[in-house]
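Below: one structure, written as structure tokens.
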2 protein chains.
Amino acid sequence: MNLFEKHQALLTDAVAALKSRTYFTPYPENPKAYSEDADAKAKAWISSIMNNNYTALPAAASGKWIGEEVSPFLQLGIGVNYPDYSIDELISNGVGAHASWSKQSLETRVGILIESLERIKQRFFDIAYATMHTTGQSYMMSFQASGPHANDRALEAIAMGYQELSRYTNETNWVKPMGKFDLTLKKNFKAMPKGLGLVIGCSTFPVWNTVPGLFACLVSGSACIVKPHAKAVLPIAIVVEELQKLFAEVGLDRSIVQLATDSQNEPKTKLLAEHAAVKQIDFTGNSSFGSYIESLPKTTFTEKAGVNSIILDSANDLKAVCSNIAFSASLYSGQMCTAPQNIFISADGVQTAEGVVSYADAVTALKDAFNGLIDHPKAGPGTLGAIQADLTFNRVKELASKGLTEVVNSKNIRNEEFPDARIASPIVVEINPNDPALYREECFGPIVFIIKTNSFEDSLNRAVELASEKGALTCGAYTTSLERQTKIEDAMNAIYVPVSFNFTGAAFINSHAAFSDFHLTGGNAAGNASFTNADFINKRVVWVGNRYM
Amino acid sequence: MNLFEKHQALLTDAVAALKSRTYFTPYPENPKAYSEDADAKAKAWISSIMNNNYTALPAAASGKWIGEEVSPFLQLGIGVNYPDYSIDELISNGVGAHASWSKQSLETRVGILIESLERIKQRFFDIAYATMHTTGQSYMMSFQASGPHANDRALEAIAMGYQELSRYTNETNWVKPMGKFDLTLKKNFKAMPKGLGLVIGCSTFPVWNTVPGLFACLVSGSACIVKPHAKAVLPIAIVVEELQKLFAEVGLDRSIVQLATDSQNEPKTKLLAEHAAVKQIDFTGNSSFGSYIESLPKTTFTEKAGVNSIILDSANDLKAVCSNIAFSASLYSGQMCTAPQNIFISADGVQTAEGVVSYADAVTALKDAFNGLIDHPKAGPGTLGAIQADLTFNRVKELASKGLTEVVNSKNIRNEEFPDARIASPIVVEINPNDPALYREECFGPIVFIIKTNSFEDSLNRAVELASEKGALTCGAYTTSLERQTKIEDAMNAIYVPVSFNFTGAAFINSHAAFSDFHLTGGNAAGNASFTNADFINKRVVWVGNRYM
């Protein structure tokens with residue numbers, strides 16, 4: 001049985017899930033669903049790879065190795081070194097590998113790629129520890145986001161690829177009745193791949209944000225260079241290793257996927273992005289670099305920054321709402337592109353089942369919710385994780401030094417397991433609505449602004465205006481009024497921002513589930529791509545039809 | 001029965017044809033398939049509209065009327081005047097109409113649009129005469145290209161629109177098992193239209209090149225302004241009239257489609273294209289204006305110019321091949337974006353079933369084929385039609401004045417029905433391959449170059465290099481060698497140019513059939529759009545999903 005046949009049933013289900021958008025995953029998110037010794041083995045693996053060369057990848061021609069990752073939990077360099085391939089080496093290998101990969105049939109590619117996800121699944125626990133010690137995500141988030149949830153998004157890209165690239169017949173006999181005779185032409189139809197791809201990863205979600213572009217590029221028939229953030233290489237190195245091993249196993253070129261590790265002092269990103277041989281680029285990161293990528297004369301897919309708002313109008317249970325918001329803003333210390341930053345509350349207060357709660361009391365309810373979560377000895381550190389970058393840590397300290405009205409102070413919570421972890425819990429600040437400069441910029445990290453507005457309409461208008469200018473990945477809204485719900489949905493959707501209404505309990509606006517929630521719409525300033533719509537595949541190929549008499 | 005139900009069977013067949021890419025049309029291309037008096041009625045109609053105001057369209061607020069069309073067959077102004085809407089009027093009406101049209105369901109839109117094609121079908125003969133007396137196309141081509149073939153492409157866009165915009169469920173219950181409980185979210189998914197569209201038409205195919213963008217824009221939920229070429233308004237005015245009548249009939253805003261007639265002295269195109277309210281633009285025309293359109297910060301679909309080549313390597317029946325090439329180059333005097341311009345023949349000659357024909361003899365065979373067609377008293381004028389633009393006519397005269405090696409001279413063939421018609425039959429010129437400047441530019445109109453190359457490989461390389469730089473809509477190739485066929489196909493497809501092999505008899509490289517042949521690939525310099533692939537719809541909408549607890 002070939003790999004396509006092996007995985008055909010899963011593929012069929014995955015393609016169906018794209019349409020039905022119901023809950024779908026073949027990769028359980030609960031670590032307990034995996035083998036009992038997986039965690040212990042992964043602990044041994046991460047210990048062994050630290051302070052070592054990552055020899056599972058082919059050595060660079062120069063023989064040089066580089067690495068500069070620092071664990072946010074240990075605040076120590078992890079000492080893993082990766083092959084320091086030159087630009088020429090990466091491009092030349094990539095172009096060569098592209099030539100052979102692009103000749104494989106769609107079915108061959110799909111079979112190999114789904115099989116690779118099975119292999120990657122065997123490494124979920126390794127990837128979890130690698131993610132922890134590069135991003136600062138908690139163990140559970142590291143496991144889920146870089147493991148099963150990332151695999152879900154990779155499978156989603158493969159399924160969309162299969163659906164789109166099999167949308168036309170490969171060959172047909174075209175027979176046109178001409179009266180006295182028929183005109184018959186043979187025709188074929190081919191999805192010609194755009195060519196060598198480059199996927200530029202970010203430091204906070206090095207797997208989840210990389211695999212959609214990587215697998216979309218591969219399933220569409222193009223070879224791909226993965227350029228991780230210099231501070232978050234290890235998790236995606238495992239993915240590249242498993243892909244390379246499988247390519248070698250089935251007799252294909254390992255270089256169909258390559259890892260382009262660089263350093264912050266000698267970055268390779270622009271050299272690769274601007275190289276004529278690179279035809280398509282996937283990017284996750286800050287808006288200014290993202291706009292530079294979009295300006296290149298290539299096919300680009302960007303996830304840049306946005307500013308996400310919550311409109312708090314009315315709620316049955318304000319306490320449950322505040323708990324939900326506090327968790328969304330505290331999860332991984334707000335280092336998520338989907339974390340909420342601005343909470344708009346009208347001076348009229350919040351209508352609840354027990355009457356109107358004044359603005360001041362609503363702010364107190366939020367304060368209590370944040371403190372209750374953050375100060376909880378287990379939930380606090382487990383939710384917050386650690387701060388990935390100096391820049392983020394300093395941004396919080398700088399804001400705290402400004403003498404603003406702090407509802408909640410940023411605290412250095414103690415993590416018992418990692419006493420040296422770099423931690424900053426959210427700082428929650430009340431903003432004068434007449435001085436909007438602060439809340440109108442994306443302040444990546446554990447920073448939350450509460451904006452007192454004149455009315456519901458003022459809240460909505462400010463949130464819409466901001467999302468329209470800066471982009472947004474999500475919007476949270478709390479209202480018990482169907483009329484206001486419709487107003488929010490219509491206004492946000494018109495600027496291509498999705499809305500999540502009245503989330504409490506286990507539903508968080510941060511989470512975008514593969515096969516159901518589009519991650520970005522591609523229609524606002526937060527980025528031009530969407531995980532995973534049809535464009536995410538179709539822009540990577542050109543359909544060409546030939547005719548024969 | 002509503003209009004969607006009325007046309008659902010046709011829609012189902014049309015969507016199936018998109019995939020199977022077999023021959024499909026509900027609109028017969030033979031005029032005899034229509035009612036007997038249709039032609040006579042259309043002759044009466046064209047006589048009545050000439051030298052009149054086109055009052056079937058609403059008058060402009062200013063009350064002004066404009067028109068400057070000239071019949072290439074009569075070389076007289078046809079005197080039809082159209083409402084001279086101001087930019088403000090067009091935009092304001094368009095934005096208002098967009099608001100209501102975008103709220104209609106996909107099924108409502110599809111039903112109305114397919115019904116409109118039925119109404120347009122009743123006007124095929126009017127459209128035919130309108131096309132003749134604006135473009136210079138022969139009667140038969142005017143009927144087929146602007147009538148049934150244009151309707152085919154419009155239906156194709158509607159079918160692709162229906163398929164793409166119904167690709168996700170509208171609503172779902174997403175249920176995630178969380179161990180002790182299920183997390184349930186209601187979700188909806190909406191294709192939000194990009195907004196008011198502008199379709200910029202060309203002077204040679206005012207209907208065929210306009211309706212794909214027009215109907216793609218409409219089916220995707222956006223209102224649309226049609227800006228025809230000032231010299232080719234009448235044919236598309238009929239289409240706009242029929243759409244407007246139908247919109248009014250079903251209680252919708254007539255301004256969902258508007259006709260923006262202008263004059264060459266006071267053009268409206270840039271004013272409309274650059275207007276902030278215009279969000280998507282479809283363009284057919286010259287490359288420099290097309291590149292300007294592409295540079296606007298909007299969603300754009302362009303068909304620009306390319307240079308199409310024929311590679312003549314070997315053939316069983318050289319005479320049949322030369323007849324086919326002569327017809328392709330002479331049809332509508334080469335005023336087609338799909339007409340061949342350059343014929344590459346190796347100095348080694350052409351291998352045929354009867355042995356090698358020398359290069360010189362192959363040129364003679366081409367000469368005989370051109371003259372045989374052009375000098376034929378009925379076929380000649382019927383194939384050539386008339387020259388639409390001064391620019392095209394002068395380009396031929398200018399080339400003839402250069403003292404080049406003319407294989408066939410451009411002649412002013414007499415058209416018995418229209419003795420004043422502006423006619424120029426193809427000029428066929430031998431080009432020194434060491435002086436490639438001439439053949440490397442698109443010379444729109446009845447201009448053909450024969451280039452003597454060193455070898456088959458030289459022919460292929462020159463054709464590929466040219467198409468790679470200038471773009472191409474098509475490539476014709478004649479070879480009896482399977483190896484060379486594969487070489488040509490691989491090389492041309494790699495630069496996203498389709499190839500038609502060994503066309504003789506009734507198959508012409510000029511013809512691109514809806515539901516089977518993509519018109520442009522969108523992947524080379526000839527334009528960024530493709531009639532009609534999934535992108536042609538998907539770029540016009542943004543998918544947004546909302547979630548509710």
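Chain labels A, B, ... are given in the sequence in which chains occur in the structure tokens; within each chain residues are numbered consecutively from 1, and ligands are likewise numbered from 1 in the order shown.
If we count only C-alpha atoms, these residues of chain A sit within 6 Å of chain B: Lys19, Ser20, Thr22, Tyr23, Tyr168, Thr169, Trp174, Val175, Lys176, Pro498, Val499, Ser500, Phe501, Asn502, Phe503, Gly523, Val542, Val544, Gly545, Asn546, Arg547, Tyr548 and Met549 of chain A.
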Would you put the residues from that selection into a file with N, CA and C atoms, as a compact mmCIF listing (two decimals), in the first residue's frame?
```
# COMPACT_ATOMS: atom_id res chain seq x y z
N LYS A 19 -15.14 21.86 4.66
CA LYS A 19 -16.44 22.41 4.28
C LYS A 19 -17.38 22.52 5.49
N SER A 20 -17.45 21.44 6.27
CA SER A 20 -18.43 21.42 7.37
C SER A 20 -17.98 22.30 8.53
N THR A 22 -16.76 21.64 11.24
CA THR A 22 -17.04 21.08 12.56
C THR A 22 -15.71 20.74 13.23
N TYR A 23 -15.78 20.36 14.50
CA TYR A 23 -14.57 20.01 15.22
C TYR A 23 -13.92 18.79 14.57
N TYR A 168 -9.63 20.35 -11.09
CA TYR A 168 -9.90 20.16 -12.51
C TYR A 168 -9.43 18.77 -12.92
N THR A 169 -10.03 18.25 -13.95
CA THR A 169 -9.57 16.98 -14.49
C THR A 169 -8.13 17.16 -15.00
N TRP A 174 -12.05 16.96 -25.53
CA TRP A 174 -13.02 18.04 -25.73
C TRP A 174 -13.61 17.86 -27.13
N VAL A 175 -14.89 17.64 -27.18
CA VAL A 175 -15.53 17.32 -28.47
C VAL A 175 -16.60 18.37 -28.76
N LYS A 176 -16.35 19.17 -29.79
CA LYS A 176 -17.30 20.23 -30.14
C LYS A 176 -18.05 19.85 -31.41
N PRO A 498 -13.13 39.09 12.38
CA PRO A 498 -14.11 38.18 12.96
C PRO A 498 -14.41 38.54 14.42
N VAL A 499 -15.59 38.19 14.88
CA VAL A 499 -15.99 38.52 16.25
C VAL A 499 -16.36 37.24 17.01
N SER A 500 -15.92 37.18 18.27
CA SER A 500 -16.32 36.10 19.16
C SER A 500 -17.21 36.71 20.25
N PHE A 501 -18.43 36.18 20.36
CA PHE A 501 -19.41 36.79 21.26
C PHE A 501 -19.58 36.00 22.55
N ASN A 502 -19.52 36.74 23.65
CA ASN A 502 -19.93 36.23 24.96
C ASN A 502 -19.18 34.98 25.40
N PHE A 503 -17.87 34.96 25.13
CA PHE A 503 -17.06 33.81 25.52
C PHE A 503 -16.85 33.80 27.03
N GLY A 523 -7.83 40.07 5.06
CA GLY A 523 -8.48 41.26 4.49
C GLY A 523 -8.24 42.55 5.26
N VAL A 542 0.14 28.06 -10.79
CA VAL A 542 -0.50 28.65 -11.96
C VAL A 542 -1.06 27.48 -12.78
N VAL A 544 -2.15 25.74 -16.05
CA VAL A 544 -1.85 25.83 -17.47
C VAL A 544 -2.51 24.66 -18.18
N GLY A 545 -3.17 24.96 -19.29
CA GLY A 545 -3.81 23.90 -20.08
C GLY A 545 -3.19 23.81 -21.45
N ASN A 546 -2.92 22.61 -21.90
CA ASN A 546 -2.38 22.42 -23.25
C ASN A 546 -3.39 21.66 -24.10
N ARG A 547 -3.30 21.90 -25.41
CA ARG A 547 -4.27 21.27 -26.34
C ARG A 547 -3.52 20.56 -27.46
N TYR A 548 -4.04 19.41 -27.85
CA TYR A 548 -3.40 18.59 -28.89
C TYR A 548 -4.43 18.17 -29.91
N MET A 549 -4.04 18.25 -31.17
CA MET A 549 -4.94 17.78 -32.21
C MET A 549 -4.57 16.35 -32.59
```
- Can you pull out every residue within 8 Å of B:Ser330, counting only C-alpha atoms, but drop anything in the same chain fewer than 4 positions away, and send it as a ChimeraX atom specification? /B:326,334,370,374,383-384,425-426,446
Kindly save the residues from that selection, with C-alpha atoms included, as a PDB file, in the first residue's frame.
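Below is the file result-v8.pdb, written as the result:
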```pdb
ATOM      1  CA  ALA B 326      -2.787  32.006 -42.177  1.00  0.00           C
ATOM      2  CA  GLY B 334      -4.962  39.844 -36.107  1.00  0.00           C
ATOM      3  CA  PHE B 370      -1.987  33.807 -46.774  1.00  0.00           C
ATOM      4  CA  ILE B 374      -6.888  36.906 -48.362  1.00  0.00           C
ATOM      5  CA  THR B 383     -12.161  36.592 -42.257  1.00  0.00           C
ATOM      6  CA  LEU B 384     -10.468  39.974 -42.062  1.00  0.00           C
ATOM      7  CA  SER B 425      -4.813  42.353 -44.694  1.00  0.00           C
ATOM      8  CA  PRO B 426      -1.770  40.918 -42.877  1.00  0.00           C
ATOM      9  CA  PRO B 446      -2.363  42.191 -38.992  1.00  0.00           C
TER      10      PRO B 446
END
```
- Message: Would you pick out the contacts of stretch 433-438 of chain B at 8 Å or less, using only C-alpha atoms, so that residues sharing its chain but fewer than 2 positions from it are not included, and give the list as an MDAnalysis selection string?
- Response: chainID B and resid 431 440:441 451:453
- Message: as a PyMOL selection string, please: the residues near A:Glu266 (cut-off 12 Å, only C-alpha atoms, same-chain neighbours under 3 positions excluded).
- Response: chain A and resi 66-68+84+86-87+230+261-263+269-271
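The space separating atom CA of A:Asn412 from atom CA of A:Ser323 comes to 20.4 Å.
Atom to atom, atom CA of A:Ala99 and atom CA of B:Ala491 stand 13.0 Å apart.
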DSSP-assigned alpha helix (DSSP H) among stretch 351-549 of chain B, expressed as a short mmCIF file (atom, residue, chain, number, x, y, z; two decimals) with N, CA and C atoms, in the first residue's frame:
```
data_model
loop_
_atom_site.label_atom_id
_atom_site.label_comp_id
_atom_site.auth_asym_id
_atom_site.auth_seq_id
_atom_site.Cartn_x
_atom_site.Cartn_y
_atom_site.Cartn_z
N TYR B 359 13.64 25.75 -45.68
CA TYR B 359 13.11 26.98 -45.05
C TYR B 359 12.44 27.88 -46.10
N ALA B 360 13.12 28.08 -47.23
CA ALA B 360 12.58 28.97 -48.26
C ALA B 360 11.24 28.45 -48.78
N ASP B 361 11.16 27.13 -48.98
CA ASP B 361 9.90 26.56 -49.48
C ASP B 361 8.80 26.65 -48.43
N ALA B 362 9.18 26.54 -47.15
CA ALA B 362 8.18 26.67 -46.08
C ALA B 362 7.62 28.10 -46.06
N VAL B 363 8.51 29.07 -46.27
CA VAL B 363 8.05 30.46 -46.33
C VAL B 363 7.11 30.65 -47.52
N THR B 364 7.46 30.04 -48.63
CA THR B 364 6.59 30.12 -49.81
C THR B 364 5.23 29.48 -49.53
N ALA B 365 5.25 28.36 -48.82
CA ALA B 365 3.99 27.70 -48.49
C ALA B 365 3.12 28.61 -47.63
N LEU B 366 3.75 29.31 -46.69
CA LEU B 366 3.01 30.26 -45.86
C LEU B 366 2.45 31.40 -46.71
N LYS B 367 3.32 31.90 -47.60
CA LYS B 367 2.91 33.00 -48.51
C LYS B 367 1.67 32.58 -49.31
N ASP B 368 1.73 31.37 -49.86
CA ASP B 368 0.60 30.89 -50.66
C ASP B 368 -0.67 30.77 -49.83
N ALA B 369 -0.49 30.31 -48.60
CA ALA B 369 -1.66 30.14 -47.74
C ALA B 369 -2.30 31.48 -47.41
N PHE B 370 -1.46 32.46 -47.08
CA PHE B 370 -1.99 33.81 -46.77
C PHE B 370 -2.71 34.38 -47.99
N ASN B 371 -2.03 34.34 -49.14
CA ASN B 371 -2.64 34.94 -50.33
C ASN B 371 -3.91 34.19 -50.73
N GLY B 372 -3.87 32.88 -50.59
CA GLY B 372 -5.06 32.09 -50.95
C GLY B 372 -6.27 32.51 -50.13
N LEU B 373 -6.04 32.74 -48.86
CA LEU B 373 -7.16 33.13 -48.00
C LEU B 373 -7.58 34.58 -48.26
N ILE B 374 -6.60 35.47 -48.28
CA ILE B 374 -6.89 36.91 -48.36
C ILE B 374 -7.54 37.27 -49.70
N ALA B 379 -14.14 34.50 -48.63
CA ALA B 379 -13.46 34.18 -47.37
C ALA B 379 -12.57 35.33 -46.91
N GLY B 380 -11.94 36.01 -47.84
CA GLY B 380 -11.02 37.08 -47.48
C GLY B 380 -11.66 38.14 -46.60
N PRO B 381 -12.60 38.91 -47.17
CA PRO B 381 -13.22 39.98 -46.37
C PRO B 381 -13.94 39.43 -45.13
N GLY B 382 -14.54 38.25 -45.25
CA GLY B 382 -15.26 37.66 -44.12
C GLY B 382 -14.34 37.31 -42.98
N THR B 383 -13.13 36.92 -43.31
CA THR B 383 -12.16 36.59 -42.26
C THR B 383 -11.55 37.85 -41.66
N LEU B 384 -11.22 38.80 -42.53
CA LEU B 384 -10.47 39.97 -42.06
C LEU B 384 -11.29 40.95 -41.23
N ASP B 390 -7.30 53.66 -35.73
CA ASP B 390 -6.31 54.35 -36.56
C ASP B 390 -4.91 53.82 -36.26
N LEU B 391 -4.63 53.67 -34.98
CA LEU B 391 -3.31 53.27 -34.52
C LEU B 391 -2.89 51.95 -35.17
N THR B 392 -3.81 51.02 -35.23
CA THR B 392 -3.53 49.71 -35.81
C THR B 392 -3.29 49.85 -37.31
N PHE B 393 -4.16 50.61 -37.95
CA PHE B 393 -4.05 50.81 -39.39
C PHE B 393 -2.70 51.45 -39.73
N ASN B 394 -2.34 52.46 -38.96
CA ASN B 394 -1.08 53.18 -39.21
C ASN B 394 0.14 52.32 -38.93
N ARG B 395 0.01 51.41 -37.94
CA ARG B 395 1.14 50.54 -37.59
C ARG B 395 1.51 49.66 -38.80
N VAL B 396 0.50 49.20 -39.50
CA VAL B 396 0.73 48.36 -40.68
C VAL B 396 1.40 49.18 -41.78
N LYS B 397 0.88 50.37 -41.98
CA LYS B 397 1.43 51.23 -43.04
C LYS B 397 2.89 51.57 -42.75
N GLU B 398 3.15 51.86 -41.49
CA GLU B 398 4.50 52.23 -41.07
C GLU B 398 5.48 51.09 -41.30
N LEU B 399 5.05 49.89 -40.94
CA LEU B 399 5.92 48.73 -41.12
C LEU B 399 6.21 48.53 -42.61
N ALA B 400 5.16 48.73 -43.42
CA ALA B 400 5.31 48.53 -44.87
C ALA B 400 6.28 49.53 -45.48
N PHE B 456 15.91 23.83 -34.14
CA PHE B 456 14.70 23.71 -33.32
C PHE B 456 14.94 24.33 -31.96
N GLU B 457 16.09 24.02 -31.35
CA GLU B 457 16.39 24.53 -30.01
C GLU B 457 16.42 26.06 -30.01
N ASP B 458 16.98 26.63 -31.07
CA ASP B 458 17.04 28.08 -31.19
C ASP B 458 15.62 28.65 -31.28
N SER B 459 14.77 28.02 -32.06
CA SER B 459 13.37 28.45 -32.15
C SER B 459 12.72 28.44 -30.78
N LEU B 460 12.88 27.31 -30.09
CA LEU B 460 12.25 27.16 -28.78
C LEU B 460 12.79 28.20 -27.79
N ASN B 461 14.12 28.33 -27.77
CA ASN B 461 14.72 29.27 -26.82
C ASN B 461 14.25 30.70 -27.06
N ARG B 462 14.18 31.08 -28.34
CA ARG B 462 13.75 32.45 -28.65
C ARG B 462 12.29 32.66 -28.24
N ALA B 463 11.45 31.68 -28.52
CA ALA B 463 10.03 31.80 -28.16
C ALA B 463 9.85 31.84 -26.65
N VAL B 464 10.62 31.03 -25.95
CA VAL B 464 10.50 30.98 -24.48
C VAL B 464 11.02 32.27 -23.86
N GLU B 465 12.16 32.72 -24.33
CA GLU B 465 12.75 33.94 -23.77
C GLU B 465 11.80 35.13 -23.97
N LEU B 466 11.21 35.18 -25.16
CA LEU B 466 10.29 36.28 -25.47
C LEU B 466 9.04 36.22 -24.59
N ALA B 467 8.45 35.04 -24.50
CA ALA B 467 7.23 34.89 -23.69
C ALA B 467 7.52 35.15 -22.22
N SER B 468 8.72 34.77 -21.81
CA SER B 468 9.09 34.97 -20.42
C SER B 468 9.20 36.45 -20.10
N GLU B 469 9.70 37.23 -21.06
CA GLU B 469 9.87 38.66 -20.82
C GLU B 469 8.59 39.46 -21.09
N LYS B 470 7.94 39.18 -22.21
CA LYS B 470 6.80 40.01 -22.63
C LYS B 470 5.45 39.40 -22.28
N LEU B 482 7.63 13.43 -30.56
CA LEU B 482 7.09 13.44 -29.21
C LEU B 482 8.10 14.07 -28.24
N GLU B 483 9.37 13.82 -28.51
CA GLU B 483 10.41 14.38 -27.65
C GLU B 483 10.39 15.91 -27.70
N ARG B 484 10.29 16.46 -28.92
CA ARG B 484 10.26 17.92 -29.05
C ARG B 484 8.95 18.50 -28.49
N GLN B 485 7.88 17.75 -28.68
CA GLN B 485 6.60 18.20 -28.11
C GLN B 485 6.73 18.37 -26.60
N THR B 486 7.33 17.37 -25.96
CA THR B 486 7.51 17.43 -24.51
C THR B 486 8.41 18.59 -24.12
N LYS B 487 9.47 18.79 -24.89
CA LYS B 487 10.38 19.90 -24.61
C LYS B 487 9.65 21.25 -24.66
N ILE B 488 8.86 21.41 -25.72
CA ILE B 488 8.12 22.67 -25.88
C ILE B 488 7.14 22.85 -24.73
N GLU B 489 6.38 21.79 -24.44
CA GLU B 489 5.36 21.88 -23.39
C GLU B 489 6.01 22.20 -22.03
N ASP B 490 7.07 21.49 -21.70
CA ASP B 490 7.73 21.72 -20.40
C ASP B 490 8.27 23.14 -20.29
N ALA B 491 8.93 23.59 -21.38
CA ALA B 491 9.56 24.92 -21.31
C ALA B 491 8.52 26.02 -21.26
N MET B 492 7.47 25.91 -22.05
CA MET B 492 6.44 26.96 -22.06
C MET B 492 5.60 26.92 -20.78
N ASN B 493 5.23 25.73 -20.35
CA ASN B 493 4.43 25.63 -19.12
C ASN B 493 5.21 26.15 -17.91
N ALA B 494 6.53 25.97 -17.93
CA ALA B 494 7.34 26.44 -16.80
C ALA B 494 7.29 27.97 -16.67
N ASP B 535 -9.22 31.85 -8.27
CA ASP B 535 -8.77 33.17 -7.82
C ASP B 535 -9.63 34.30 -8.37
N PHE B 536 -10.16 34.08 -9.57
CA PHE B 536 -10.94 35.13 -10.23
C PHE B 536 -12.19 35.47 -9.40
N ILE B 537 -12.60 34.54 -8.57
CA ILE B 537 -13.69 34.79 -7.61
C ILE B 537 -13.13 35.11 -6.23
N ASN B 538 -12.23 34.27 -5.76
CA ASN B 538 -11.84 34.35 -4.34
C ASN B 538 -11.16 35.66 -3.97
#
```
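Our summary of the geometry notes that atom CA of A:Leu272 is positioned 24.1 Å from atom CA of A:Thr135.
Within stretch 104-175 of chain A, residues classed as strand (DSSP E or B) by DSSP on backbone coordinates are A:Glu171, A:Thr172, A:Asn173, A:Trp174, A:Val175.
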Written selection (N, CA and C atoms) as a CSV table (one decimal), in the first residue's frame:
```
chain,number,residue,atom,x,y,z
A,171,GLU,N,-6.9,15.4,-17.6
A,171,GLU,CA,-6.9,15.2,-19.0
A,171,GLU,C,-8.4,15.1,-19.5
A,172,THR,N,-8.6,15.6,-20.7
A,172,THR,CA,-10.0,15.5,-21.2
A,172,THR,C,-10.0,15.4,-22.7
A,173,ASN,N,-11.0,14.8,-23.2
A,173,ASN,CA,-11.3,14.9,-24.7
A,173,ASN,C,-12.4,15.9,-24.8
A,174,TRP,N,-12.0,17.0,-25.5
A,174,TRP,CA,-13.0,18.0,-25.7
A,174,TRP,C,-13.6,17.9,-27.1
A,175,VAL,N,-14.9,17.6,-27.2
A,175,VAL,CA,-15.5,17.3,-28.5
A,175,VAL,C,-16.6,18.4,-28.8
```
12 Å contact set for A:Phe4, only C-alpha atoms, chain neighbours under 3 positions out, as a short mmCIF file (atom, residue, chain, number, x, y, z; two decimals) with C-alpha atoms, in the first residue's frame:
```cif
data_model
loop_
_atom_site.label_atom_id
_atom_site.label_comp_id
_atom_site.auth_asym_id
_atom_site.auth_seq_id
_atom_site.Cartn_x
_atom_site.Cartn_y
_atom_site.Cartn_z
CA MET A 1 0.00 0.00 0.00
CA HIS A 7 -3.86 8.00 4.48
CA GLN A 8 -6.73 8.33 2.02
CA ALA A 9 -9.49 7.86 4.59
CA LEU A 10 -8.02 10.56 6.81
CA LEU A 11 -7.62 12.84 3.79
CA THR A 12 -11.27 12.34 2.83
CA SER A 105 2.26 13.59 -8.51
CA LEU A 106 -0.18 15.31 -6.19
CA GLU A 107 -1.08 11.95 -4.67
CA THR A 108 2.58 11.15 -3.98
CA ARG A 109 3.11 14.49 -2.31
CA VAL A 110 -0.04 14.25 -0.21
CA GLY A 111 0.80 10.71 0.90
CA ILE A 112 4.31 11.64 1.99
CA LEU A 113 3.20 14.80 3.76
CA ILE A 114 0.43 13.16 5.79
CA GLU A 115 2.86 10.38 6.69
CA SER A 116 5.31 13.04 7.89
CA ILE A 158 -2.52 19.49 2.94
CA TYR A 162 -5.44 18.25 -2.31
#
```
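The smallest atom-to-atom distance between B:Met141 and any of B:Leu196, B:Leu331, B:Ile311, B:Ile46, using only C-alpha atoms, is found for B:Leu331.
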